[in-house]
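Chemist: mmCIF, C-alpha atoms and all ligand atoms, file structure-v1.cif:
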```cif
data_protein
#
loop_
_atom_site.label_atom_id
_atom_site.label_comp_id
_atom_site.auth_asym_id
_atom_site.auth_seq_id
_atom_site.Cartn_x
_atom_site.Cartn_y
_atom_site.Cartn_z
CA MET A 1 -6.93 -10.62 -14.99
CA ASN A 2 -4.93 -12.19 -12.18
CA THR A 3 -6.75 -14.41 -9.76
CA LEU A 4 -5.94 -16.43 -6.71
CA ASN A 5 -7.58 -19.83 -6.97
CA LYS A 6 -6.43 -21.55 -3.83
CA ILE A 7 -4.60 -20.73 -0.63
CA THR A 8 -2.99 -22.86 2.06
CA LEU A 9 -2.03 -21.43 5.44
CA LEU A 10 0.28 -23.13 7.93
CA GLN A 11 0.83 -21.67 11.40
CA PHE A 12 -0.29 -18.27 10.17
CA ARG A 13 -2.02 -16.21 12.90
CA ASN A 14 -4.95 -18.27 14.23
CA TYR A 15 -4.63 -20.86 11.44
CA GLY A 16 -2.84 -24.13 12.21
CA ALA A 17 -3.36 -25.69 8.81
CA ALA A 18 -6.12 -24.74 6.39
CA THR A 19 -6.83 -24.64 2.66
CA TYR A 20 -9.45 -22.57 0.86
CA ALA A 21 -10.44 -22.44 -2.78
CA PHE A 22 -11.66 -19.32 -4.56
CA ASN A 23 -13.73 -20.32 -7.55
CA ALA A 24 -16.13 -17.43 -8.06
CA PRO A 25 -15.39 -13.82 -9.08
CA VAL A 26 -16.59 -12.76 -5.64
CA THR A 27 -15.75 -14.64 -2.45
CA CYS A 28 -17.26 -13.63 0.84
CA ILE A 29 -15.55 -14.81 4.03
CA THR A 30 -17.97 -14.92 6.91
CA GLY A 31 -17.73 -15.92 10.54
CA LEU A 32 -17.98 -14.56 14.04
CA ASN A 33 -15.75 -11.83 15.41
CA GLY A 34 -12.28 -13.23 15.97
CA SER A 35 -12.78 -16.23 13.69
CA GLY A 36 -9.94 -15.24 11.35
CA LYS A 37 -11.64 -13.38 8.47
CA THR A 38 -9.20 -10.49 8.42
CA ASN A 39 -6.26 -12.86 8.87
CA LEU A 40 -7.29 -14.81 5.78
CA LEU A 41 -7.47 -11.60 3.71
CA ASP A 42 -4.08 -10.62 5.06
CA ALA A 43 -2.65 -13.97 3.97
CA VAL A 44 -3.77 -13.20 0.41
CA TYR A 45 -2.13 -9.77 0.64
CA TYR A 46 1.02 -11.37 2.02
CA LEU A 47 1.35 -13.67 -0.97
CA CYS A 48 1.19 -10.67 -3.29
CA TYR A 49 3.61 -8.39 -1.46
CA THR A 50 5.49 -10.70 0.92
CA LYS A 51 4.37 -8.61 3.83
CA SER A 52 1.32 -8.13 6.00
CA TYR A 53 -1.03 -5.26 5.29
CA PHE A 54 -1.82 -4.81 8.96
CA SER A 55 1.34 -5.46 10.89
CA ALA A 56 4.86 -4.18 10.35
CA TYR A 57 6.18 -6.96 12.59
CA GLN A 58 6.42 -10.19 10.64
CA GLN A 59 6.74 -12.10 13.88
CA ASN A 60 3.12 -11.18 14.69
CA SER A 61 1.91 -13.27 11.78
CA VAL A 62 3.46 -16.41 13.23
CA GLN A 63 0.97 -18.53 15.13
CA ASN A 64 1.61 -18.20 18.84
CA GLY A 65 3.77 -20.99 20.19
CA THR A 66 5.34 -21.83 16.82
CA ASP A 67 8.50 -20.55 15.15
CA GLY A 68 7.39 -19.80 11.62
CA PHE A 69 4.61 -19.81 9.04
CA ARG A 70 4.12 -20.86 5.47
CA LEU A 71 1.65 -19.61 2.89
CA GLU A 72 1.03 -21.10 -0.50
CA GLY A 73 -1.19 -19.68 -3.22
CA ILE A 74 -2.10 -20.98 -6.62
CA PHE A 75 -2.49 -17.95 -8.83
CA ASN A 76 -3.75 -17.71 -12.34
CA ASP A 77 -1.75 -15.29 -14.41
CA ARG A 78 -3.71 -14.74 -17.62
CA GLY A 79 -4.41 -18.42 -18.06
CA ARG A 80 -1.18 -19.78 -16.62
CA ALA A 81 -1.20 -21.33 -13.15
CA GLU A 82 1.66 -20.43 -10.83
CA THR A 83 2.31 -21.54 -7.28
CA ILE A 84 3.71 -18.87 -5.00
CA SER A 85 4.95 -19.85 -1.58
CA CYS A 86 6.19 -17.69 1.27
CA LYS A 87 7.99 -19.16 4.21
CA TRP A 88 8.99 -17.15 7.25
CA LYS A 89 11.04 -18.77 9.93
CA GLN A 90 12.95 -17.08 12.74
CA GLY A 91 13.42 -13.87 10.79
CA LYS A 92 14.31 -15.49 7.50
CA LYS A 93 11.98 -15.13 4.54
CA GLU A 94 11.90 -17.33 1.49
CA ILE A 95 9.68 -16.67 -1.53
CA MET A 96 9.32 -19.16 -4.33
CA ALA A 97 7.50 -19.28 -7.65
CA ASP A 98 6.80 -22.80 -8.88
CA GLY A 99 9.42 -24.16 -6.50
CA GLN A 100 12.15 -21.74 -7.61
CA GLU A 101 13.45 -19.22 -5.14
CA TYR A 102 13.57 -15.63 -6.39
CA GLU A 103 17.00 -14.10 -6.69
CA ARG A 104 15.70 -10.87 -5.30
CA LEU A 105 12.52 -10.25 -3.33
CA THR A 106 11.82 -7.23 -5.52
CA ASP A 107 11.39 -9.61 -8.48
CA HIS A 108 8.11 -10.72 -6.97
CA ILE A 109 6.74 -7.26 -6.21
CA GLY A 110 4.32 -6.13 -8.86
CA LYS A 111 3.63 -9.59 -10.26
CA TYR A 112 0.37 -10.09 -8.38
CA ALA A 113 -1.31 -6.89 -7.35
CA ALA A 114 -3.91 -6.54 -4.64
CA VAL A 115 -5.67 -3.51 -3.23
CA MET A 116 -6.94 -3.71 0.34
CA ILE A 117 -9.63 -1.50 1.84
CA ALA A 118 -9.87 -1.90 5.61
CA PRO A 119 -11.59 -0.06 8.47
CA ASP A 120 -8.45 1.65 9.81
CA ASP A 121 -7.48 3.06 6.43
CA MET A 122 -8.98 6.41 7.38
CA GLU A 123 -5.52 7.04 8.84
CA LEU A 124 -4.41 7.72 5.30
CA ILE A 125 -6.43 10.93 5.44
CA ASN A 126 -6.22 11.80 9.13
CA ASP A 127 -2.66 10.92 10.09
CA GLY A 128 0.72 12.43 9.31
CA SER A 129 2.55 12.46 6.01
CA GLU A 130 4.49 9.24 6.51
CA LEU A 131 1.50 7.02 5.76
CA ARG A 132 0.72 8.91 2.57
CA ARG A 133 4.32 8.60 1.40
CA LYS A 134 4.26 4.88 2.13
CA TRP A 135 1.03 4.55 0.23
CA VAL A 136 2.30 6.37 -2.88
CA ASP A 137 5.60 4.47 -2.66
CA SER A 138 3.78 1.15 -2.51
CA ILE A 139 1.93 2.04 -5.71
CA LEU A 140 4.93 3.38 -7.62
CA GLY A 141 7.24 0.70 -6.26
CA GLN A 142 5.23 -2.05 -7.87
CA VAL A 143 4.93 -0.48 -11.31
CA ASP A 144 8.48 0.89 -11.50
CA ARG A 145 11.37 -1.29 -10.37
CA GLU A 146 13.87 1.55 -10.61
CA TYR A 147 11.68 3.65 -8.31
CA LEU A 148 11.67 0.90 -5.71
CA GLU A 149 15.42 0.41 -5.88
CA ARG A 150 16.25 4.12 -5.80
CA LEU A 151 13.85 4.67 -2.92
CA MET A 152 15.51 1.93 -0.88
CA GLN A 153 18.91 3.39 -1.69
CA TYR A 154 17.74 6.92 -0.77
CA GLN A 155 16.51 5.65 2.59
CA ARG A 156 19.78 3.85 3.26
CA VAL A 157 21.90 6.88 2.37
CA LEU A 158 19.66 9.16 4.41
CA LEU A 159 20.37 7.05 7.49
CA GLN A 160 24.09 7.25 6.76
CA ARG A 161 23.95 11.02 6.33
CA ASN A 162 22.06 11.39 9.60
CA ALA A 163 24.61 9.19 11.35
CA TRP A 164 27.37 11.43 9.94
CA LEU A 165 25.56 14.55 11.26
CA LYS A 166 25.32 12.99 14.71
CA LEU A 167 28.95 12.05 14.72
CA GLN A 168 29.99 15.57 13.70
CA ALA A 169 28.03 16.96 16.63
CA GLN A 170 29.96 14.74 19.02
CA LYS A 171 33.46 14.99 17.62
CA PRO A 172 33.75 17.11 14.49
CA THR A 173 36.24 15.69 12.02
CA GLY A 174 35.65 18.39 9.48
CA ASP A 175 35.76 15.69 6.82
CA SER A 176 33.27 16.73 4.19
CA ALA A 177 34.15 14.21 1.48
CA GLU A 178 31.79 11.70 3.03
CA LEU A 179 29.03 14.27 3.22
CA GLU A 180 29.52 15.24 -0.40
CA PHE A 181 29.21 11.60 -1.39
CA TYR A 182 25.92 11.24 0.48
CA ASP A 183 24.52 14.52 -0.84
CA GLU A 184 25.28 13.60 -4.40
CA LYS A 185 23.51 10.26 -4.07
CA LEU A 186 20.50 11.76 -2.29
CA ALA A 187 20.20 14.50 -4.91
CA ASP A 188 20.35 12.01 -7.75
CA ASP A 189 17.82 9.51 -6.37
CA GLY A 190 15.70 12.32 -4.93
CA ALA A 191 15.36 13.97 -8.34
CA TYR A 192 14.19 10.70 -9.88
CA ILE A 193 11.66 10.04 -7.12
CA TYR A 194 10.37 13.61 -7.20
CA GLU A 195 9.81 13.46 -10.94
CA LYS A 196 7.99 10.12 -10.71
CA ARG A 197 5.76 11.35 -7.90
CA ARG A 198 4.92 14.45 -9.93
CA VAL A 199 3.94 12.45 -12.98
CA PHE A 200 2.02 10.03 -10.80
CA ILE A 201 -0.25 12.63 -9.23
CA ARG A 202 -0.98 14.19 -12.61
CA ARG A 203 -2.23 10.86 -13.96
CA PHE A 204 -3.89 9.76 -10.75
CA LEU A 205 -5.95 12.87 -10.10
CA PRO A 206 -8.57 12.57 -12.85
CA ILE A 207 -9.19 8.93 -11.87
CA LEU A 208 -9.60 9.94 -8.23
CA GLN A 209 -12.00 12.76 -9.07
CA ASP A 210 -14.10 10.49 -11.25
CA PHE A 211 -14.46 7.86 -8.52
CA TYR A 212 -15.21 10.49 -5.90
CA HIS A 213 -18.11 11.80 -7.94
CA ARG A 214 -19.44 8.36 -8.68
CA LEU A 215 -19.32 7.44 -4.99
CA SER A 216 -20.66 10.61 -3.43
CA GLY A 217 -23.07 11.66 -6.16
CA GLY A 218 -22.08 15.17 -5.10
CA ARG A 219 -20.64 18.06 -6.98
CA GLU A 220 -17.80 18.89 -4.62
CA GLN A 221 -14.43 19.59 -6.17
CA VAL A 222 -11.77 17.28 -4.80
CA THR A 223 -8.08 17.35 -5.46
CA ALA A 224 -4.77 16.10 -4.12
CA VAL A 225 -1.88 18.53 -4.14
CA TYR A 226 1.66 17.19 -4.18
CA GLU A 227 3.95 19.15 -1.87
CA SER A 228 7.68 18.74 -1.99
CA ASP A 229 10.78 20.72 -0.99
CA LEU A 230 12.07 20.01 -4.48
CA GLU A 231 9.51 22.34 -6.03
CA LYS A 232 11.66 25.24 -4.86
CA ASN A 233 15.10 24.01 -5.71
CA THR A 234 17.21 20.98 -6.52
CA LEU A 235 17.99 18.75 -3.57
CA ALA A 236 21.71 19.35 -4.07
CA ILE A 237 21.21 23.06 -3.36
CA LEU A 238 18.68 22.50 -0.58
CA LEU A 239 21.08 20.19 1.25
CA LYS A 240 23.89 22.71 0.95
CA GLN A 241 21.71 25.59 2.12
CA GLY A 242 20.32 23.59 5.01
CA LEU A 243 23.57 22.10 6.24
CA GLU A 244 23.99 24.38 9.24
CA HIS A 245 20.45 23.69 10.36
CA ASP A 246 20.89 19.96 9.75
CA MET A 247 24.08 19.97 11.82
CA ARG A 248 22.30 21.63 14.69
CA LEU A 249 19.37 19.21 14.67
CA GLN A 250 21.54 16.24 13.67
CA ARG A 251 19.23 15.08 10.93
CA THR A 252 18.37 15.88 7.35
CA LEU A 253 15.44 18.27 7.27
CA ARG A 254 14.81 18.58 3.56
CA GLY A 255 14.25 16.07 0.83
CA ILE A 256 11.68 13.77 -0.66
CA HIS A 257 11.40 12.01 2.71
CA LYS A 258 9.35 15.06 3.77
CA ASP A 259 6.95 15.05 0.81
CA ASP A 260 3.22 15.06 1.37
CA TRP A 261 -0.06 15.12 -0.50
CA ASP A 262 -2.66 17.57 0.62
CA PHE A 263 -6.19 16.24 0.12
CA VAL A 264 -8.53 19.11 -0.59
CA LEU A 265 -12.30 19.38 -0.86
CA ASN A 266 -13.85 22.59 -2.18
CA GLU A 267 -10.56 24.35 -1.53
CA LEU A 268 -10.46 23.35 2.14
CA SER A 269 -8.26 20.75 3.79
CA LEU A 270 -10.19 17.50 3.89
CA LYS A 271 -8.40 16.42 7.04
CA GLN A 272 -9.42 19.51 8.98
CA PHE A 273 -12.77 20.42 7.49
CA GLY A 274 -14.18 17.35 5.78
CA SER A 275 -17.23 15.56 7.19
CA GLN A 276 -17.07 11.87 8.08
CA GLY A 277 -19.03 10.98 4.96
CA GLN A 278 -16.86 13.11 2.70
CA LYS A 279 -13.74 11.51 4.14
CA LYS A 280 -15.20 8.06 3.61
CA SER A 281 -16.03 8.80 -0.01
CA PHE A 282 -12.57 10.26 -0.51
CA LEU A 283 -10.85 7.25 1.03
CA PHE A 284 -12.78 4.80 -1.14
CA ALA A 285 -12.09 6.95 -4.17
CA LEU A 286 -8.37 6.87 -3.34
CA LYS A 287 -8.39 3.09 -3.12
CA LEU A 288 -10.47 2.54 -6.23
CA ALA A 289 -8.23 4.96 -8.11
CA GLN A 290 -5.22 3.03 -6.84
CA TYR A 291 -6.83 -0.09 -8.29
CA ALA A 292 -7.53 1.55 -11.64
CA TYR A 293 -4.04 3.06 -11.80
CA LEU A 294 -2.37 -0.28 -11.09
CA SER A 295 -4.48 -2.14 -13.59
CA ALA A 296 -3.72 0.44 -16.29
CA GLU A 297 0.02 0.39 -15.55
CA GLN A 298 0.35 -3.36 -15.16
CA GLY A 299 -2.08 -4.43 -17.83
CA HIS A 300 -4.07 -6.77 -15.61
CA LEU A 301 -6.69 -6.49 -12.90
CA PRO A 302 -5.52 -6.65 -9.27
CA ILE A 303 -7.35 -8.60 -6.58
CA LEU A 304 -9.65 -6.38 -4.53
CA LEU A 305 -9.68 -7.16 -0.81
CA LEU A 306 -12.45 -5.57 1.23
CA ASP A 307 -12.32 -5.99 4.99
CA ASP A 308 -15.56 -5.35 6.81
CA ILE A 309 -16.42 -2.31 4.78
CA PHE A 310 -20.14 -2.89 4.54
CA GLU A 311 -20.27 -2.40 8.28
CA LYS A 312 -19.29 1.22 7.82
CA LEU A 313 -21.06 2.37 4.68
CA ASP A 314 -24.50 3.88 4.37
CA GLN A 315 -26.91 2.53 1.76
CA ASN A 316 -26.14 5.08 -0.96
CA ARG A 317 -22.40 4.77 -0.83
CA MET A 318 -22.63 1.00 -0.60
CA GLU A 319 -24.78 0.82 -3.73
CA ALA A 320 -22.46 3.17 -5.57
CA LEU A 321 -19.43 1.10 -4.53
CA LEU A 322 -21.06 -2.16 -5.58
CA ALA A 323 -22.06 -0.74 -8.95
CA ILE A 324 -18.40 0.17 -9.51
CA ILE A 325 -16.78 -3.08 -8.41
CA LYS A 326 -19.28 -5.21 -10.31
CA GLY A 327 -18.19 -3.52 -13.54
CA PRO A 328 -15.77 -5.03 -16.08
CA GLU A 329 -12.88 -2.84 -14.95
CA PHE A 330 -12.74 -4.82 -11.70
CA GLY A 331 -11.63 -8.42 -11.33
CA GLN A 332 -11.56 -10.88 -8.44
CA VAL A 333 -13.06 -9.62 -5.20
CA ILE A 334 -12.53 -11.20 -1.78
CA LEU A 335 -14.38 -9.63 1.09
CA THR A 336 -15.26 -10.27 4.71
CA ASP A 337 -18.50 -9.71 6.55
CA THR A 338 -20.13 -11.05 9.69
CA HIS A 339 -23.52 -11.03 7.89
CA PRO A 340 -23.65 -13.25 4.77
CA GLU A 341 -27.27 -12.27 4.09
CA ARG A 342 -26.29 -8.63 3.79
CA ILE A 343 -23.72 -9.48 1.10
CA ARG A 344 -26.09 -11.78 -0.78
CA GLN A 345 -28.71 -9.07 -0.79
CA ALA A 346 -26.30 -6.31 -1.73
CA PHE A 347 -24.87 -8.16 -4.73
CA GLY A 348 -28.27 -9.47 -5.88
CA ALA A 349 -29.64 -13.00 -6.07
CA ASP A 350 -28.07 -13.80 -9.45
CA ALA A 351 -24.54 -12.65 -8.63
CA GLU A 352 -21.83 -15.31 -8.69
CA ILE A 353 -20.66 -15.34 -5.08
CA GLU A 354 -19.10 -18.09 -3.07
CA PHE A 355 -19.16 -18.08 0.71
CA ILE A 356 -16.45 -19.36 3.00
CA HIS A 357 -17.80 -19.91 6.49
CA LEU A 358 -15.11 -19.92 9.13
N1 LIG B 1 -0.08 -14.72 15.95
C1 LIG B 1 -1.25 -15.26 16.29
N2 LIG B 1 -1.31 -16.52 16.77
C2 LIG B 1 -2.49 -17.07 17.11
N3 LIG B 1 -3.66 -16.45 17.05
C3 LIG B 1 -3.68 -15.20 16.58
C4 LIG B 1 -2.47 -14.53 16.17
N4 LIG B 1 -2.78 -13.29 15.77
C5 LIG B 1 -4.11 -13.18 15.90
N5 LIG B 1 -4.66 -14.31 16.39
C6 LIG B 1 -6.07 -14.57 16.66
O1 LIG B 1 -6.82 -14.36 15.50
C7 LIG B 1 -8.11 -13.89 15.84
C8 LIG B 1 -8.45 -12.64 15.10
O2 LIG B 1 -8.61 -12.93 13.79
P1 LIG B 1 -9.21 -11.87 12.81
O3 LIG B 1 -8.79 -10.50 13.15
O4 LIG B 1 -8.88 -12.37 11.45
O5 LIG B 1 -10.76 -12.04 13.12
P2 LIG B 1 -12.00 -11.51 12.30
O6 LIG B 1 -12.79 -12.71 11.88
O7 LIG B 1 -11.57 -10.59 11.25
O8 LIG B 1 -12.78 -10.75 13.43
P3 LIG B 1 -13.71 -9.43 13.36
O9 LIG B 1 -15.04 -9.86 12.82
O10 LIG B 1 -13.79 -9.01 14.76
O11 LIG B 1 -12.99 -8.46 12.49
C9 LIG B 1 -8.12 -13.59 17.32
O12 LIG B 1 -8.82 -14.61 17.97
C10 LIG B 1 -6.65 -13.59 17.67
O13 LIG B 1 -6.44 -14.03 18.96
MG MG B 2 -11.75 -8.56 10.98
#
```
Now, as a test, write the supplied structure out as structure tokens.
Ligand SMILES: Nc1ncnc2c1ncn2[C@@H]1O[C@H](COP(=O)(O)OP(=O)(O)OP(=O)(O)O)[C@@H](O)[C@H]1O
Ligand SMILES: [Mg+2]
Modeler:
Amino acid sequence: MNTLNKITLLQFRNYGAATYAFNAPVTCITGLNGSGKTNLLDAVYYLCYTKSYFSAYQQNSVQNGTDGFRLEGIFNDRGRAETISCKWKQGKKEIMADGQEYERLTDHIGKYAAVMIAPDDMELINDGSELRRKWVDSILGQVDREYLERLMQYQRVLLQRNAWLKLQAQKPTGDSAELEFYDEKLADDGAYIYEKRRVFIRRFLPILQDFYHRLSGGREQVTAVYESDLEKNTLAILLKQGLEHDMRLQRTLRGIHKDDWDFVLNELSLKQFGSQGQKKSFLFALKLAQYAYLSAEQGHLPILLLDDIFEKLDQNRMEALLAIIKGPEFGQVILTDTHPERIRQAFGADAEIEFIHL
């Protein structure tokens, strides 16, 4: 099990300078709306992944009126204490482990895993494919270094290929050597990523289905179907076949950057036909399965971060969720709630919970 035992925040969001200790298996952060509960959870997430869960703009995490932030966490990695610090100043990021700067940021990714469940996560089901790709990539990227590196390379080359297509539309050079170079790289990395995503969904699905049934108590059949252009042909051939079309639209229309996962309930699209409750159960099942998958792949238990979720759950689902996360296959839990009594009651009088009142 990996745990975070202490965190220090400097000029992070609404925090000027603050330190909090996490001593119990479950920590509940309470406080009024706007008191910084979500920000504190996000700081924990940041230390694990060197980015915010909620905001793509790092600048947003800097306390207004200052020019940078610093986070420090004392983690416990199977009995060994390690201090991780993240400093962000005017666009420059520095991550250190026990005072040593990492050579590459990717060396840190996957060391301390966390799974966040937050109110807006329903987007994962309701929104377009990009969020689902990002979600799968974030899981695979932290258990497979080569996946992360190839994915970053694929995205870089894709931008270059698209730039080439644009340029050809303006003043055709007829030079195809550059294009061939890009296509070869995309095909190679694309094949790797496709194969990893295929294996992933095969392993992930039974875990997802199990959690869905435990959460909903229902008998509905749920599944997630991986959809990719590469099912039909290799990317090398698809790129060749699609070149004319790509030239016209000045971007690359086929490849693993178009992949999606279709969430299905009783053979119908969950997004279009699922009820609110079914979607909620599915979302929680996705996240719990993500947790179980990561812990199996990495060999230790991630930190579970729950933002305000008891606000949204009915009694049955809440009890089912609690029964799951109290089990031995879950480790440290940090959650937020405006009502400490509700959490105390939900976990039971004898549960080991510590409260942080903001
Ligand atoms: N960059 C920033 N600099 C300073 N203050 C910030 C920054 N970003 C957010 N805040 C402040 O942080 C507060 C919001 O914190 P947060 O979202 O963590 O609250 P919360 O306790 O989770 O609230 P709720 O119960 O409503 O979810 C707001 O008051 C907001 O103004
Ligand atoms: Mg909040």
Chemist: Of the candidates A:Pro119, A:Gly99, A:Gly79, A:Gly141, which one gets nearest to ligand MG 2 (chain B) if we count all atoms listed in the file?
Modeler: A:Pro119
Chemist: Which residues of chain A come within 9 Å of ligand MG 2 (chain B), and what is each one's closest atom pair and distance in Å (one decimal), counting all atoms listed in the file, sorted by chain and residue number, as a tab-separated table?
Modeler:
```
residue	atom	partner	partner_atom	distance
A:Asn33	CA	B:MG2	MG	6.8
A:Gly34	CA	B:MG2	MG	6.9
A:Ser35	CA	B:MG2	MG	8.2
A:Gly36	CA	B:MG2	MG	6.9
A:Lys37	CA	B:MG2	MG	5.4
A:Thr38	CA	B:MG2	MG	4.1
A:Asn39	CA	B:MG2	MG	7.3
A:Leu41	CA	B:MG2	MG	9.0
A:Ala118	CA	B:MG2	MG	8.8
A:Pro119	CA	B:MG2	MG	8.9
A:Asp307	CA	B:MG2	MG	6.5
A:Asp308	CA	B:MG2	MG	6.5
A:Thr336	CA	B:MG2	MG	7.4
A:Asp337	CA	B:MG2	MG	8.2
A:Thr338	CA	B:MG2	MG	8.8
```
Chemist: I need the residues from that last selection saved to file as a short mmCIF file (atom, residue, chain, number, x, y, z; two decimals), keeping the file's coordinate frame (with C-alpha atoms), if you can.
Modeler:
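Listing of part04.cif after writing:
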```
data_model
loop_
_atom_site.label_atom_id
_atom_site.label_comp_id
_atom_site.auth_asym_id
_atom_site.auth_seq_id
_atom_site.Cartn_x
_atom_site.Cartn_y
_atom_site.Cartn_z
CA ASN A 33 -15.75 -11.83 15.41
CA GLY A 34 -12.28 -13.23 15.97
CA SER A 35 -12.78 -16.23 13.69
CA GLY A 36 -9.94 -15.24 11.35
CA LYS A 37 -11.64 -13.38 8.47
CA THR A 38 -9.20 -10.49 8.42
CA ASN A 39 -6.26 -12.86 8.87
CA LEU A 41 -7.47 -11.60 3.71
CA ALA A 118 -9.87 -1.90 5.61
CA PRO A 119 -11.59 -0.06 8.47
CA ASP A 307 -12.32 -5.99 4.99
CA ASP A 308 -15.56 -5.35 6.81
CA THR A 336 -15.26 -10.27 4.71
CA ASP A 337 -18.50 -9.71 6.55
CA THR A 338 -20.13 -11.05 9.69
#
```
Chemist: If we count all atoms listed in the file, what is near Thr66 of chain A at a cut-off of 10 Å, once residues fewer than 4 positions away on the same chain are taken out, given as a ChimeraX atom specification?
Modeler: /A:11-12,16,62,89-90
Chemist: Ranking A:Arg214, A:Lys240, A:Arg344, A:Arg13 by minimum distance to ligand LIG 1 (chain B) and counting all atoms listed in the file, which one comes first?
Modeler: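 Nearest to ligand LIG 1 (chain B): A:Arg13.
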Chemist: For a test of reading the model, state the distance in Å between atom CA of Met122 of chain A and atom CA of Ala224 of chain A, rounded to one decimal.
Modeler: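 It comes out at 15.6 Å.
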Chemist: Box for ligand LIG 1 (chain B) - axis-aligned, 3 Å on each of the six sides, all listed atoms - centre and size in Å to one decimal, as AutoDock Vina command-line options.
Modeler:
```
--center_x -7.6 --center_y -12.8 --center_z 15.1 --size_x 21.0 --size_y 14.6 --size_z 13.7
```
Chemist: Excluding Met96 of chain A and any residue of its chain fewer than 4 positions from it, enumerate the residues within 6 Å of it, using all atoms listed in the file, and give them as a PDB file with C-alpha atoms, in the frame of the given file.
Modeler:
```pdb
ATOM      1  CA  ILE A  84       3.710 -18.870  -5.000  1.00  0.00           C
ATOM      2  CA  SER A  85       4.950 -19.850  -1.580  1.00  0.00           C
ATOM      3  CA  GLN A 100      12.150 -21.740  -7.610  1.00  0.00           C
ATOM      4  CA  GLU A 101      13.450 -19.220  -5.140  1.00  0.00           C
ATOM      5  CA  TYR A 102      13.570 -15.630  -6.390  1.00  0.00           C
TER       6      TYR A 102
END
```
Chemist: May I have the residues within 12 Å of Arg156 of chain A as number ranges by chain, using only C-alpha atoms and disregarding those fewer than 4 positions away in the same chain?
Modeler: A: 149-152, 160-163, 182, 185-186, 189, 257
Chemist: Might you pull out every residue within 9 Å of Thr106 of chain A, with only C-alpha atoms counted and same-chain residues fewer than 5 positions away left off, and present them as a list in words?
Modeler: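 Close residues of Thr106 of chain A: Gln142, Arg145, Leu148 and Glu149 of chain A.
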Chemist: Please identify all polymer residues within 10 Å of Val26 of chain A, counting only C-alpha atoms, omitting same-chain residues fewer than 4 positions from it, and present them as a compact mmCIF listing (two decimals) with C-alpha atoms, keeping the file's coordinate frame.
Modeler:
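Once written, part.txt looks like this:
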```txt
# COMPACT_ATOMS: atom_id res chain seq x y z
CA PHE A 22 -11.66 -19.32 -4.56
CA LEU A 304 -9.65 -6.38 -4.53
CA LYS A 326 -19.28 -5.21 -10.31
CA GLY A 331 -11.63 -8.42 -11.33
CA GLN A 332 -11.56 -10.88 -8.44
CA VAL A 333 -13.06 -9.62 -5.20
CA ILE A 334 -12.53 -11.20 -1.78
CA LEU A 335 -14.38 -9.63 1.09
CA PHE A 347 -24.87 -8.16 -4.73
CA ALA A 351 -24.54 -12.65 -8.63
CA GLU A 352 -21.83 -15.31 -8.69
CA ILE A 353 -20.66 -15.34 -5.08
CA GLU A 354 -19.10 -18.09 -3.07
CA PHE A 355 -19.16 -18.08 0.71
```
Chemist: As an exercise, work out the distance from atom CA of Glu311 of chain A to atom CA of Gln63 of chain A in Å and give it to one decimal place.
Modeler: 27.5 Å
Chemist: Between A:Ile343, A:Leu208, A:Val225, A:Ile309, which one has atoms that come closest to Phe282 of chain A, using all atoms listed in the file?
Modeler: A:Leu208
